[in-house]
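Just target.cif here, mmCIF, C-alpha atoms and all ligand atoms:
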```cif
data_final
#
loop_
_atom_site.label_atom_id
_atom_site.label_comp_id
_atom_site.auth_asym_id
_atom_site.auth_seq_id
_atom_site.Cartn_x
_atom_site.Cartn_y
_atom_site.Cartn_z
CA MET A 1 -5.81 -37.47 12.65
CA HIS A 2 -9.23 -36.39 11.35
CA ILE A 3 -9.07 -32.58 11.14
CA PRO A 4 -12.87 -31.91 10.97
CA SER A 5 -13.15 -33.80 14.29
CA LEU A 6 -10.54 -31.53 15.88
CA ILE A 7 -12.44 -28.45 14.69
CA GLU A 8 -15.65 -30.01 16.04
CA LYS A 9 -13.99 -30.72 19.40
CA LYS A 10 -12.98 -27.06 19.80
CA ARG A 11 -16.35 -25.89 18.43
CA ASP A 12 -18.00 -27.86 21.24
CA GLY A 13 -15.77 -26.21 23.86
CA LYS A 14 -13.53 -29.18 24.63
CA ASP A 15 -9.79 -28.92 25.27
CA LEU A 16 -7.36 -30.13 22.61
CA THR A 17 -4.28 -32.12 23.54
CA GLU A 18 -0.75 -30.90 22.80
CA LEU A 19 -0.47 -33.60 20.15
CA GLU A 20 -3.66 -32.42 18.42
CA ILE A 21 -2.51 -28.79 18.48
CA ASN A 22 0.90 -29.78 17.07
CA LYS A 23 -0.78 -31.72 14.29
CA LEU A 24 -2.98 -28.77 13.35
CA VAL A 25 -0.14 -26.24 13.31
CA LYS A 26 2.22 -28.57 11.42
CA GLY A 27 -0.42 -29.50 8.87
CA PHE A 28 -1.46 -25.89 8.31
CA THR A 29 2.14 -24.67 7.97
CA SER A 30 3.00 -27.38 5.42
CA GLY A 31 -0.17 -26.67 3.42
CA GLU A 32 -1.70 -30.08 4.16
CA ILE A 33 -4.53 -28.44 6.10
CA PRO A 34 -6.31 -25.92 3.84
CA ARG A 35 -7.07 -22.33 4.81
CA TYR A 36 -10.83 -22.97 5.04
CA GLN A 37 -10.31 -25.56 7.78
CA MET A 38 -7.89 -23.35 9.71
CA SER A 39 -10.36 -20.42 9.40
CA ALA A 40 -13.08 -22.60 10.91
CA PHE A 41 -10.70 -23.64 13.68
CA ALA A 42 -9.78 -19.99 14.41
CA MET A 43 -13.50 -19.11 14.62
CA ALA A 44 -14.06 -22.02 17.03
CA VAL A 45 -11.21 -20.70 19.22
CA TYR A 46 -12.66 -17.19 18.95
CA PHE A 47 -15.95 -18.39 20.44
CA LYS A 48 -14.77 -21.13 22.82
CA GLY A 49 -11.34 -19.87 23.93
CA MET A 50 -8.46 -22.05 25.08
CA SER A 51 -7.13 -23.15 28.46
CA SER A 52 -3.71 -21.81 29.45
CA ASP A 53 -2.17 -25.21 28.68
CA GLU A 54 -3.69 -25.16 25.20
CA THR A 55 -2.50 -21.57 24.67
CA THR A 56 1.05 -22.51 25.69
CA ALA A 57 0.96 -25.55 23.41
CA LEU A 58 -0.29 -23.42 20.50
CA THR A 59 2.44 -20.83 21.10
CA ARG A 60 5.12 -23.50 21.28
CA ALA A 61 3.87 -25.25 18.15
CA MET A 62 3.81 -21.96 16.24
CA LEU A 63 7.31 -21.10 17.46
CA GLU A 64 8.58 -24.53 16.44
CA SER A 65 6.97 -24.25 13.01
CA GLY A 66 10.15 -22.38 11.98
CA LYS A 67 13.67 -21.48 13.01
CA SER A 68 14.82 -19.01 15.63
CA LEU A 69 17.38 -16.23 15.37
CA HIS A 70 20.47 -17.13 17.40
CA PHE A 71 23.08 -14.44 17.79
CA SER A 72 26.78 -14.98 18.06
CA GLY A 73 28.46 -12.67 20.54
CA LYS A 74 25.31 -12.52 22.62
CA GLY A 75 26.21 -12.06 26.25
CA LYS A 76 28.04 -8.90 25.31
CA ARG A 77 24.83 -7.34 24.02
CA ILE A 78 21.27 -7.78 25.28
CA ALA A 79 18.58 -8.76 22.75
CA VAL A 80 15.44 -6.67 23.32
CA ASP A 81 12.17 -5.98 21.56
CA LYS A 82 8.70 -4.56 21.96
CA HIS A 83 5.35 -5.62 20.54
CA SER A 84 2.02 -3.87 20.59
CA THR A 85 -1.30 -5.70 20.63
CA GLY A 86 -2.43 -3.31 17.91
CA GLY A 87 -3.84 0.17 17.70
CA ILE A 88 -4.86 2.97 15.39
CA GLY A 89 -2.03 5.26 14.27
CA ASP A 90 0.37 3.17 16.35
CA LYS A 91 3.70 3.86 14.65
CA VAL A 92 5.76 3.41 17.83
CA SER A 93 7.84 0.49 16.48
CA LEU A 94 9.15 2.66 13.62
CA VAL A 95 10.60 5.08 16.16
CA LEU A 96 11.45 2.69 18.97
CA ALA A 97 13.55 0.09 17.11
CA PRO A 98 16.15 2.57 15.76
CA LEU A 99 16.11 4.51 19.03
CA LEU A 100 16.93 1.38 21.05
CA ALA A 101 19.65 0.43 18.57
CA CYS A 102 21.44 3.70 19.37
CA ASP A 103 22.29 1.98 22.67
CA THR A 104 25.34 -0.10 21.76
CA ASN A 105 24.62 -2.54 24.62
CA LEU A 106 21.45 -3.66 22.86
CA ILE A 107 20.44 -5.54 19.73
CA VAL A 108 16.92 -5.24 18.35
CA PRO A 109 15.81 -8.20 16.18
CA MET A 110 12.29 -6.87 15.54
CA ILE A 111 9.82 -9.23 13.82
CA SER A 112 6.51 -7.43 13.20
CA GLY A 113 3.23 -8.06 11.44
CA ARG A 114 1.06 -6.51 8.73
CA GLY A 115 -2.22 -4.70 9.27
CA LEU A 116 -4.63 -6.79 11.32
CA GLY A 117 -8.36 -6.05 11.37
CA ILE A 118 -8.79 -2.29 11.77
CA THR A 119 -5.25 -1.82 13.09
CA GLY A 120 -2.25 -0.94 10.95
CA GLY A 121 0.91 -3.05 10.75
CA THR A 122 4.58 -2.10 10.88
CA LEU A 123 5.42 -4.18 7.78
CA ASP A 124 2.85 -2.44 5.57
CA LYS A 125 4.11 0.93 6.80
CA LEU A 126 7.75 0.01 6.08
CA GLU A 127 6.81 -1.25 2.62
CA SER A 128 5.53 2.21 1.74
CA ILE A 129 9.24 3.13 1.55
CA PRO A 130 10.17 2.27 -2.05
CA GLY A 131 12.40 -0.82 -2.17
CA PHE A 132 12.17 -1.67 1.54
CA ASN A 133 12.43 -5.45 1.98
CA VAL A 134 10.81 -7.00 5.07
CA ASN A 135 11.32 -10.59 3.84
CA LEU A 136 14.84 -11.25 5.04
CA SER A 137 16.46 -14.67 5.23
CA LYS A 138 17.68 -15.75 8.62
CA GLU A 139 21.29 -15.32 7.46
CA ASN A 140 20.75 -11.77 6.19
CA ALA A 141 18.87 -10.81 9.35
CA LEU A 142 21.73 -12.06 11.53
CA ARG A 143 24.32 -10.30 9.35
CA GLN A 144 22.42 -7.02 9.59
CA ILE A 145 22.04 -7.28 13.36
CA GLU A 146 25.78 -7.93 13.66
CA ALA A 147 26.50 -4.85 11.52
CA ILE A 148 24.01 -2.24 12.76
CA GLY A 149 22.32 -3.81 15.80
CA VAL A 150 18.78 -3.78 14.44
CA VAL A 151 16.53 -5.42 11.88
CA MET A 152 12.86 -4.68 11.08
CA MET A 153 11.40 -7.69 9.33
CA GLY A 154 8.35 -9.88 9.00
CA GLN A 155 7.50 -13.48 9.68
CA THR A 156 8.94 -15.56 6.81
CA VAL A 157 8.70 -19.09 5.48
CA ASP A 158 11.67 -19.79 7.80
CA ILE A 159 10.86 -17.77 10.90
CA ALA A 160 7.42 -18.00 12.57
CA PRO A 161 5.82 -19.35 9.35
CA ALA A 162 2.71 -20.59 11.17
CA ASP A 163 2.03 -17.07 12.44
CA LYS A 164 2.65 -15.64 8.96
CA LYS A 165 -0.10 -17.86 7.53
CA LEU A 166 -2.56 -17.71 10.41
CA TYR A 167 -2.13 -13.94 10.77
CA GLU A 168 -3.15 -13.45 7.12
CA LEU A 169 -6.27 -15.56 7.69
CA ARG A 170 -7.30 -13.93 10.94
CA ASP A 171 -7.01 -10.49 9.34
CA VAL A 172 -9.85 -11.25 6.94
CA THR A 173 -12.01 -13.72 8.88
CA ALA A 174 -13.01 -11.63 11.94
CA THR A 175 -10.96 -13.87 14.24
CA VAL A 176 -8.43 -11.35 15.50
CA ALA A 177 -9.84 -10.39 18.90
CA SER A 178 -9.23 -13.72 20.60
CA GLU A 179 -6.92 -13.83 23.62
CA PRO A 180 -5.30 -17.25 22.94
CA LEU A 181 -4.79 -16.45 19.24
CA ILE A 182 -3.21 -13.08 20.08
CA VAL A 183 -0.96 -14.65 22.74
CA ALA A 184 0.25 -17.38 20.37
CA SER A 185 0.69 -14.96 17.46
CA ILE A 186 2.70 -12.38 19.37
CA MET A 187 4.71 -14.70 21.59
CA SER A 188 5.64 -17.21 18.85
CA LYS A 189 7.24 -14.36 16.84
CA LYS A 190 8.93 -12.80 19.81
CA LEU A 191 10.26 -16.11 21.14
CA ALA A 192 11.76 -16.83 17.71
CA GLU A 193 13.94 -13.75 18.29
CA SER A 194 15.77 -15.41 21.24
CA LEU A 195 15.24 -12.29 23.35
CA ASP A 196 16.58 -11.45 26.77
CA LYS A 197 13.98 -8.75 27.41
CA LEU A 198 10.58 -8.00 25.90
CA VAL A 199 8.11 -5.22 26.58
CA LEU A 200 4.49 -5.65 25.54
CA ASP A 201 2.38 -2.59 24.85
CA VAL A 202 -1.12 -3.89 25.58
CA LYS A 203 -3.82 -1.55 24.32
CA PHE A 204 -7.37 -1.20 25.52
CA GLY A 205 -10.25 0.99 24.32
CA SER A 206 -12.36 1.53 21.26
CA GLY A 207 -9.48 1.16 18.76
CA ALA A 208 -7.97 -1.90 20.44
CA PHE A 209 -8.89 -5.59 20.22
CA MET A 210 -9.39 -5.56 23.98
CA LYS A 211 -12.16 -3.07 24.64
CA THR A 212 -11.78 -2.96 28.44
CA GLU A 213 -8.80 -2.67 30.74
CA THR A 214 -9.86 -5.92 32.44
CA GLN A 215 -9.62 -7.81 29.12
CA ALA A 216 -6.28 -6.13 28.41
CA ARG A 217 -4.89 -7.19 31.80
CA SER A 218 -5.97 -10.76 31.23
CA LEU A 219 -4.20 -10.72 27.82
CA GLY A 220 -1.09 -9.07 29.29
CA GLU A 221 -0.87 -11.60 32.11
CA ALA A 222 -1.33 -14.53 29.71
CA MET A 223 1.53 -13.27 27.48
CA GLN A 224 3.73 -12.55 30.48
CA SER A 225 3.28 -16.06 31.85
CA VAL A 226 4.21 -17.62 28.47
CA GLY A 227 7.25 -15.31 28.32
CA LYS A 228 8.35 -16.33 31.82
CA LEU A 229 7.84 -20.00 31.07
CA MET A 230 10.13 -19.65 28.05
CA GLY A 231 12.79 -17.73 30.00
CA VAL A 232 12.28 -14.22 28.59
CA GLU A 233 12.11 -11.24 30.97
CA THR A 234 8.69 -9.94 29.94
CA HIS A 235 7.32 -6.53 30.94
CA VAL A 236 3.79 -5.38 30.24
CA LYS A 237 2.56 -1.79 29.83
CA TYR A 238 -1.14 -1.00 29.50
CA ASN A 239 -2.05 1.98 27.34
CA PRO A 240 -5.42 3.40 26.30
CA MET A 241 -6.35 3.38 22.61
CA ASP A 242 -9.50 5.53 22.51
CA GLN A 243 -8.13 8.14 20.11
CA PRO A 244 -5.52 7.53 17.37
CA LEU A 245 -1.91 7.75 18.50
CA GLY A 246 -0.19 10.86 17.11
CA GLN A 247 -1.88 12.73 14.28
CA THR A 248 -1.89 10.36 11.32
CA VAL A 249 -3.42 7.00 10.38
CA GLY A 250 -2.34 5.31 7.13
CA ASN A 251 0.85 3.71 5.92
CA ALA A 252 3.01 6.38 4.22
CA LEU A 253 1.43 9.11 6.34
CA GLU A 254 2.52 7.28 9.49
CA VAL A 255 6.06 6.78 8.19
CA ASN A 256 6.22 10.57 7.66
CA GLU A 257 5.05 11.16 11.21
CA ALA A 258 7.51 8.59 12.59
CA ILE A 259 10.35 10.34 10.73
CA ALA A 260 9.37 13.63 12.39
CA ALA A 261 9.46 11.87 15.78
CA LEU A 262 12.86 10.35 14.94
CA LYS A 263 14.08 13.91 14.40
CA GLY A 264 12.71 15.10 17.74
CA GLU A 265 9.53 16.65 16.30
CA GLY A 266 6.98 14.02 17.30
CA HIS A 267 3.61 14.62 18.89
CA ALA A 268 3.81 14.37 22.71
CA ASP A 269 1.67 11.21 23.03
CA LEU A 270 3.79 9.31 20.48
CA VAL A 271 7.07 10.47 22.00
CA ASP A 272 6.01 9.77 25.59
CA ILE A 273 4.91 6.22 24.92
CA THR A 274 8.05 5.53 22.86
CA LEU A 275 10.28 6.81 25.67
CA ASP A 276 8.33 4.81 28.30
CA LEU A 277 8.81 1.59 26.36
CA ALA A 278 12.46 2.37 25.54
CA ALA A 279 13.25 3.12 29.18
CA THR A 280 11.84 -0.29 30.16
CA LEU A 281 14.35 -2.05 27.91
CA SER A 282 17.41 0.20 28.01
CA SER A 283 19.43 1.33 31.01
CA THR A 284 20.09 4.62 29.17
CA PRO A 285 18.43 7.50 31.07
CA ARG A 286 15.18 8.78 29.57
CA GLN A 287 16.68 12.24 29.07
CA LYS A 288 19.48 10.75 26.97
CA LEU A 289 16.98 8.74 24.91
CA ARG A 290 15.06 11.94 24.24
CA GLN A 291 18.31 13.63 23.25
CA TRP A 292 18.99 10.85 20.71
CA LEU A 293 15.67 11.76 19.10
CA CYS A 294 16.27 15.52 19.21
CA GLU A 295 19.84 15.28 17.87
CA GLY A 296 18.77 13.07 14.94
CA LYS A 297 20.86 10.08 16.14
CA ALA A 298 17.81 7.80 16.06
CA TYR A 299 16.95 9.06 12.55
CA GLU A 300 20.50 8.26 11.39
CA LYS A 301 19.99 4.70 12.68
CA PHE A 302 16.64 4.47 10.86
CA LEU A 303 18.40 5.54 7.63
CA GLU A 304 20.90 2.70 8.16
CA VAL A 305 18.01 0.23 8.52
CA VAL A 306 16.38 1.55 5.33
CA ASP A 307 19.68 1.32 3.40
CA TYR A 308 20.47 -2.20 4.65
CA GLN A 309 17.01 -3.44 3.74
CA GLY A 310 17.08 -2.07 0.21
CA GLY A 311 14.89 0.99 0.83
CA LYS A 312 15.49 4.20 -1.09
CA SER A 313 16.48 6.48 1.76
CA ASP A 314 16.78 9.44 -0.62
CA GLN A 315 12.98 9.24 -1.12
CA LEU A 316 12.15 9.37 2.59
CA GLU A 317 12.05 13.14 2.79
CA ASP A 318 9.34 13.34 0.13
CA LEU A 319 7.40 10.20 0.81
CA SER A 320 4.25 12.32 0.79
CA GLN A 321 4.95 13.08 -2.89
CA VAL A 322 5.81 9.44 -3.69
CA HIS A 323 2.44 8.39 -2.24
CA LYS A 324 0.08 11.27 -2.89
CA ALA A 325 -3.62 10.46 -2.70
CA ARG A 326 -5.74 11.60 -5.67
CA VAL A 327 -8.16 13.40 -3.33
CA GLN A 328 -7.35 15.32 -0.16
CA ARG A 329 -10.37 16.60 1.73
CA ASP A 330 -10.41 18.68 4.93
CA LEU A 331 -13.05 17.95 7.54
CA ARG A 332 -13.91 21.28 9.15
CA ALA A 333 -15.44 22.09 12.53
CA GLU A 334 -19.06 23.27 12.41
CA HIS A 335 -18.74 25.13 15.68
CA SER A 336 -16.13 26.29 18.19
CA GLY A 337 -15.28 24.32 21.30
CA VAL A 338 -12.95 21.70 22.72
CA VAL A 339 -12.38 18.27 21.16
CA THR A 340 -13.79 15.71 23.62
CA ASN A 341 -13.63 12.54 21.50
CA VAL A 342 -11.88 11.17 18.40
CA ASP A 343 -13.18 7.62 18.13
CA ALA A 344 -10.22 5.39 17.26
CA GLN A 345 -12.43 2.49 16.18
CA VAL A 346 -14.21 4.63 13.58
CA ALA A 347 -10.87 6.05 12.41
CA GLY A 348 -9.57 2.47 12.02
CA GLN A 349 -12.64 1.32 10.09
CA VAL A 350 -12.59 4.42 7.84
CA THR A 351 -8.90 4.01 6.98
CA LEU A 352 -9.35 0.28 6.36
CA GLU A 353 -12.10 1.10 3.86
CA LEU A 354 -10.00 3.86 2.27
CA GLY A 355 -7.50 1.12 1.33
CA CYS A 356 -5.00 1.15 4.22
CA GLY A 357 -5.82 -2.47 5.07
CA ARG A 358 -7.15 -5.61 3.41
CA GLN A 359 -10.65 -7.00 2.94
CA GLN A 360 -9.25 -10.16 1.35
CA ALA A 361 -5.87 -11.79 1.94
CA GLU A 362 -4.65 -10.97 -1.61
CA ASP A 363 -5.67 -7.29 -1.54
CA ARG A 364 -3.08 -4.63 -2.32
CA ILE A 365 -2.61 -1.82 0.14
CA ASP A 366 -3.07 1.82 -0.88
CA PHE A 367 -0.02 3.39 0.78
CA SER A 368 -1.26 6.94 0.14
CA ALA A 369 -4.64 6.59 1.87
CA GLY A 370 -5.43 7.68 5.40
CA LEU A 371 -5.98 10.59 7.75
CA SER A 372 -3.57 13.37 8.68
CA GLY A 373 -3.56 16.39 10.97
CA ILE A 374 -5.98 14.60 13.29
CA SER A 375 -7.13 16.86 16.14
CA LYS A 376 -6.47 15.57 19.63
CA ILE A 377 -8.74 15.36 22.65
CA GLY A 378 -8.34 18.64 24.55
CA ASP A 379 -7.58 20.78 21.46
CA THR A 380 -9.43 24.11 21.32
CA ILE A 381 -11.13 24.55 17.96
CA GLN A 382 -12.71 27.53 16.18
CA ALA A 383 -15.64 27.05 13.79
CA GLY A 384 -14.21 26.37 10.33
CA ASP A 385 -10.89 24.98 11.58
CA THR A 386 -9.62 21.79 9.96
CA LEU A 387 -10.24 18.82 12.28
CA LEU A 388 -8.35 16.41 10.02
CA THR A 389 -7.53 15.78 6.36
CA ILE A 390 -8.77 12.73 4.48
CA HIS A 391 -6.48 11.15 1.85
CA ALA A 392 -8.63 9.10 -0.51
CA PRO A 393 -8.38 7.41 -3.92
CA ASP A 394 -11.54 9.13 -5.27
CA ASP A 395 -14.29 11.63 -4.42
CA THR A 396 -16.86 9.01 -3.47
CA SER A 397 -14.66 7.39 -0.83
CA ALA A 398 -13.57 10.83 0.42
CA ASP A 399 -17.27 11.79 0.85
CA THR A 400 -18.01 8.58 2.77
CA ALA A 401 -14.92 8.97 4.97
CA CYS A 402 -15.82 12.60 5.65
CA ARG A 403 -19.34 11.63 6.74
CA GLN A 404 -18.09 8.83 8.99
CA MET A 405 -15.30 10.86 10.58
CA SER A 406 -17.68 13.74 11.33
CA THR A 407 -19.52 11.35 13.66
CA ALA A 408 -16.23 10.20 15.24
CA ILE A 409 -15.02 13.64 16.35
CA ARG A 410 -16.94 15.47 19.04
CA VAL A 411 -16.38 19.20 19.66
CA GLU A 412 -18.23 20.57 22.74
N1 LIG B 501 -0.12 -8.42 16.97
C1 LIG B 501 0.21 -9.68 16.54
O1 LIG B 501 1.35 -9.90 16.13
N2 LIG B 501 -0.71 -10.63 16.58
C2 LIG B 501 -1.95 -10.44 17.05
O2 LIG B 501 -2.73 -11.36 17.06
C3 LIG B 501 -2.30 -9.13 17.49
C4 LIG B 501 -1.37 -8.14 17.43
#
```
Have the structure of the file written as structure tokens, please.
Ligand code: URA
Amino acid sequence: MHIPSLIEKKRDGKDLTELEINKLVKGFTSGEIPRYQMSAFAMAVYFKGMSSDETTALTRAMLESGKSLHFSGKGKRIAVDKHSTGGIGDKVSLVLAPLLACDTNLIVPMISGRGLGITGGTLDKLESIPGFNVNLSKENALRQIEAIGVVMMGQTVDIAPADKKLYELRDVTATVASEPLIVASIMSKKLAESLDKLVLDVKFGSGAFMKTETQARSLGEAMQSVGKLMGVETHVKYNPMDQPLGQTVGNALEVNEAIAALKGEGHADLVDITLDLAATLSSTPRQKLRQWLCEGKAYEKFLEVVDYQGGKSDQLEDLSQVHKARVQRDLRAEHSGVVTNVDAQVAGQVTLELGCGRQQAEDRIDFSAGLSGISKIGDTIQAGDTLLTIHAPDDTSADTACRQMSTAIRVE
């Protein structure tokens, strides 16, 4: 098959056959098709879209690019997971996976991604914990699930390898916000988990890939129909992403905030969304789920995950010292009033440029960078109050971030 002709076909808005899609995914996964050709293909899909048959074929091909997790003793326990379409400060998975695993009827084989575009990724956040290994073999993942009911890992060369490679490309080629590419990326990973139940947290708003609720609903419905077709009970929740979730954006900063939530001290918006998603998957009453956070049971489970995956759990309590940015700069309110906007898109772009994400596939993440103490819409502010704190590698980037964030926060 002549690959430039396939790219050309999609570029010109024509539908690809299942065979052609399989060929592309197989060739890309094996390394036969180079990254520059797959980038061009992703851009063609970005502009021309895909039919639902093409999207299903792409999802299936990406799923079949690797192995799936199959659990022994399933039937006794229900395999569940959640995936978000991506947001700013979205650290829900860090809280939700251990919380769900407190329910002994459930297993949580969570496969997540890295930062994508302006949004952060669960894997990068977890890797800010010294020693934490997200690259588990299938055998080790299954062993861990058997032992503690939960794993928090990434796509590997064995499991969802096509998504691992395409995800890295899309992150740095402005090809993230494409419905068929998002459907195939998310659903190929989730289907590789052999789930019984999945909940999708579909975001819309300035900090999301889908800017409007209409676009988000179209994405949610497309993922739900692929889930149904493949026999997974798929629920969709739609949540706004106009201001950052919680009060931090940035890898280690978000792990700190997630730990507070796992101990029952999370910000209301983070806790509410986590409980909503948990209650969709677990038959445990919401009040009991909340109690598991407040009593520290969910935190205990998180510590087990960290220990099993090689993380240094004794360093969790002072992660802010392990990853301490060289410069910390407060952005202060010029006048008193009420916060009416905290633009999530600007916050995402600022943190990406501070080093929380990648500009090129090989870039190293700065785990210490980000924003903390972010004011929330509705907060009453006095002139001179701190609106947020910038964590930056140097004064120049702190100055730039300060300037940009002062346009993102409105106090009226
Ligand atoms: N999350 C994913 O795993 N993939 C996407 O494309 C977007 C969000």
Any residue with an atom at most 9 Å from ligand LIG 501 (chain B) counts, using all atoms listed in the file. Which are they? Put them as JSON, numbers by chain. {"A": [83, 84, 85, 86, 87, 111, 112, 113, 114, 115, 116, 119, 121, 163, 167, 170, 171, 176, 177, 178, 179, 180, 181, 182, 183, 184, 185, 186, 187, 188, 189, 190, 209]}
Let me see the file: selected residues, C-alpha atoms, as a short mmCIF file (atom, residue, chain, number, x, y, z; two decimals), in the coordinates of the input.
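The new file selection.cif reads:
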```cif
data_model
loop_
_atom_site.label_atom_id
_atom_site.label_comp_id
_atom_site.auth_asym_id
_atom_site.auth_seq_id
_atom_site.Cartn_x
_atom_site.Cartn_y
_atom_site.Cartn_z
CA HIS A 83 5.35 -5.62 20.54
CA SER A 84 2.02 -3.87 20.59
CA THR A 85 -1.30 -5.70 20.63
CA GLY A 86 -2.43 -3.31 17.91
CA GLY A 87 -3.84 0.17 17.70
CA ILE A 111 9.82 -9.23 13.82
CA SER A 112 6.51 -7.43 13.20
CA GLY A 113 3.23 -8.06 11.44
CA ARG A 114 1.06 -6.51 8.73
CA GLY A 115 -2.22 -4.70 9.27
CA LEU A 116 -4.63 -6.79 11.32
CA THR A 119 -5.25 -1.82 13.09
CA GLY A 121 0.91 -3.05 10.75
CA ASP A 163 2.03 -17.07 12.44
CA TYR A 167 -2.13 -13.94 10.77
CA ARG A 170 -7.30 -13.93 10.94
CA ASP A 171 -7.01 -10.49 9.34
CA VAL A 176 -8.43 -11.35 15.50
CA ALA A 177 -9.84 -10.39 18.90
CA SER A 178 -9.23 -13.72 20.60
CA GLU A 179 -6.92 -13.83 23.62
CA PRO A 180 -5.30 -17.25 22.94
CA LEU A 181 -4.79 -16.45 19.24
CA ILE A 182 -3.21 -13.08 20.08
CA VAL A 183 -0.96 -14.65 22.74
CA ALA A 184 0.25 -17.38 20.37
CA SER A 185 0.69 -14.96 17.46
CA ILE A 186 2.70 -12.38 19.37
CA MET A 187 4.71 -14.70 21.59
CA SER A 188 5.64 -17.21 18.85
CA LYS A 189 7.24 -14.36 16.84
CA LYS A 190 8.93 -12.80 19.81
CA PHE A 209 -8.89 -5.59 20.22
#
```
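Proximity of A:Ser218, A:Asn251, A:Ser93, A:Gln37 to A:Val236, computed with all atoms listed in the file, is greatest for A:Ser218.
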Could you check which residues have any atom within 12 Å of (-13.5, 1.5, 27.2), counting all atoms listed in the file with coordinates taken straight from the file, and then list them as a PyMOL selection string? chain A and resi 203-216+239-243+343-345
Can you write out the residues you just picked, keeping C-alpha atoms, as a PDB file, in the coordinates of the input?
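Wrote result-v6.pdb, looks like this:
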```pdb
ATOM      1  CA  LYS A 203      -3.820  -1.550  24.320  1.00  0.00           C
ATOM      2  CA  PHE A 204      -7.370  -1.200  25.520  1.00  0.00           C
ATOM      3  CA  GLY A 205     -10.250   0.990  24.320  1.00  0.00           C
ATOM      4  CA  SER A 206     -12.360   1.530  21.260  1.00  0.00           C
ATOM      5  CA  GLY A 207      -9.480   1.160  18.760  1.00  0.00           C
ATOM      6  CA  ALA A 208      -7.970  -1.900  20.440  1.00  0.00           C
ATOM      7  CA  PHE A 209      -8.890  -5.590  20.220  1.00  0.00           C
ATOM      8  CA  MET A 210      -9.390  -5.560  23.980  1.00  0.00           C
ATOM      9  CA  LYS A 211     -12.160  -3.070  24.640  1.00  0.00           C
ATOM     10  CA  THR A 212     -11.780  -2.960  28.440  1.00  0.00           C
ATOM     11  CA  GLU A 213      -8.800  -2.670  30.740  1.00  0.00           C
ATOM     12  CA  THR A 214      -9.860  -5.920  32.440  1.00  0.00           C
ATOM     13  CA  GLN A 215      -9.620  -7.810  29.120  1.00  0.00           C
ATOM     14  CA  ALA A 216      -6.280  -6.130  28.410  1.00  0.00           C
ATOM     15  CA  ASN A 239      -2.050   1.980  27.340  1.00  0.00           C
ATOM     16  CA  PRO A 240      -5.420   3.400  26.300  1.00  0.00           C
ATOM     17  CA  MET A 241      -6.350   3.380  22.610  1.00  0.00           C
ATOM     18  CA  ASP A 242      -9.500   5.530  22.510  1.00  0.00           C
ATOM     19  CA  GLN A 243      -8.130   8.140  20.110  1.00  0.00           C
ATOM     20  CA  ASP A 343     -13.180   7.620  18.130  1.00  0.00           C
ATOM     21  CA  ALA A 344     -10.220   5.390  17.260  1.00  0.00           C
ATOM     22  CA  GLN A 345     -12.430   2.490  16.180  1.00  0.00           C
TER      23      GLN A 345
END
```
With all atoms listed in the file as the counted atoms, please give the residues lying no more than 8 Å from stretch 316-330 of chain A, apart from itself and same-chain residues fewer than 3 positions off, as a compact mmCIF listing (two decimals) with C-alpha atoms, keeping the file's coordinate frame.
```txt
# COMPACT_ATOMS: atom_id res chain seq x y z
CA SER A 128 5.53 2.21 1.74
CA ILE A 129 9.24 3.13 1.55
CA ALA A 252 3.01 6.38 4.22
CA LEU A 253 1.43 9.11 6.34
CA ASN A 256 6.22 10.57 7.66
CA LYS A 312 15.49 4.20 -1.09
CA SER A 313 16.48 6.48 1.76
CA PHE A 367 -0.02 3.39 0.78
CA SER A 368 -1.26 6.94 0.14
CA ALA A 369 -4.64 6.59 1.87
CA THR A 386 -9.62 21.79 9.96
CA LEU A 387 -10.24 18.82 12.28
CA LEU A 388 -8.35 16.41 10.02
CA THR A 389 -7.53 15.78 6.36
CA ILE A 390 -8.77 12.73 4.48
CA HIS A 391 -6.48 11.15 1.85
CA ALA A 392 -8.63 9.10 -0.51
CA PRO A 393 -8.38 7.41 -3.92
CA ASP A 394 -11.54 9.13 -5.27
CA ASP A 395 -14.29 11.63 -4.42
CA ALA A 398 -13.57 10.83 0.42
CA CYS A 402 -15.82 12.60 5.65
```
Atom CA of A:Thr175 to atom CA of A:Gly117: how many Å, to one decimal?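 Straight-line distance from atom CA of A:Thr175 to atom CA of A:Gly117 works out to 8.7 Å.
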In terms of only C-alpha atoms, the residue from A:Asp15, A:Val108, A:Ala361, A:Glu334 at minimal distance from A:Ala278 is A:Val108
What is the atom CA of A:Ala347-atom CA of A:Gln404 distance in Å, reported with one decimal?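 Taking atom CA of A:Ala347 and atom CA of A:Gln404, their separation equals 8.5 Å.
From atom CA of A:Asp363 back to atom CA of A:Val255, the distance works out to 20.7 Å.
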Need to verify the contact set: stretch 145-153 of chain A, 8 Å, all atoms listed in the file, exclusion of same-chain residues closer than 5 positions in sequence. Can you return it as a ChimeraX atom specification? /A:97-98,101,104,106-112,123,133-136,304-305
So which one's closest to A:Val306, A:Val172, A:Ala279, A:Ala333, A:Ile259? Using only C-alpha atoms, please.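 Ranking A:Val172, A:Ala279, A:Ala333, A:Ile259 by distance to A:Val306, first place goes to A:Ile259.
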Shortest contact to A:Tyr308, candidates A:Gln291, A:Gln360, A:Thr351, A:Gln144, atoms counted only C-alpha atoms, goes to A:Gln144
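Nearest-residue note for A:Glu257: choosing from A:Asp276, A:Glu64, A:Asp90, A:Asp379, the minimum distance belongs to A:Asp90, counting all atoms listed in the file.
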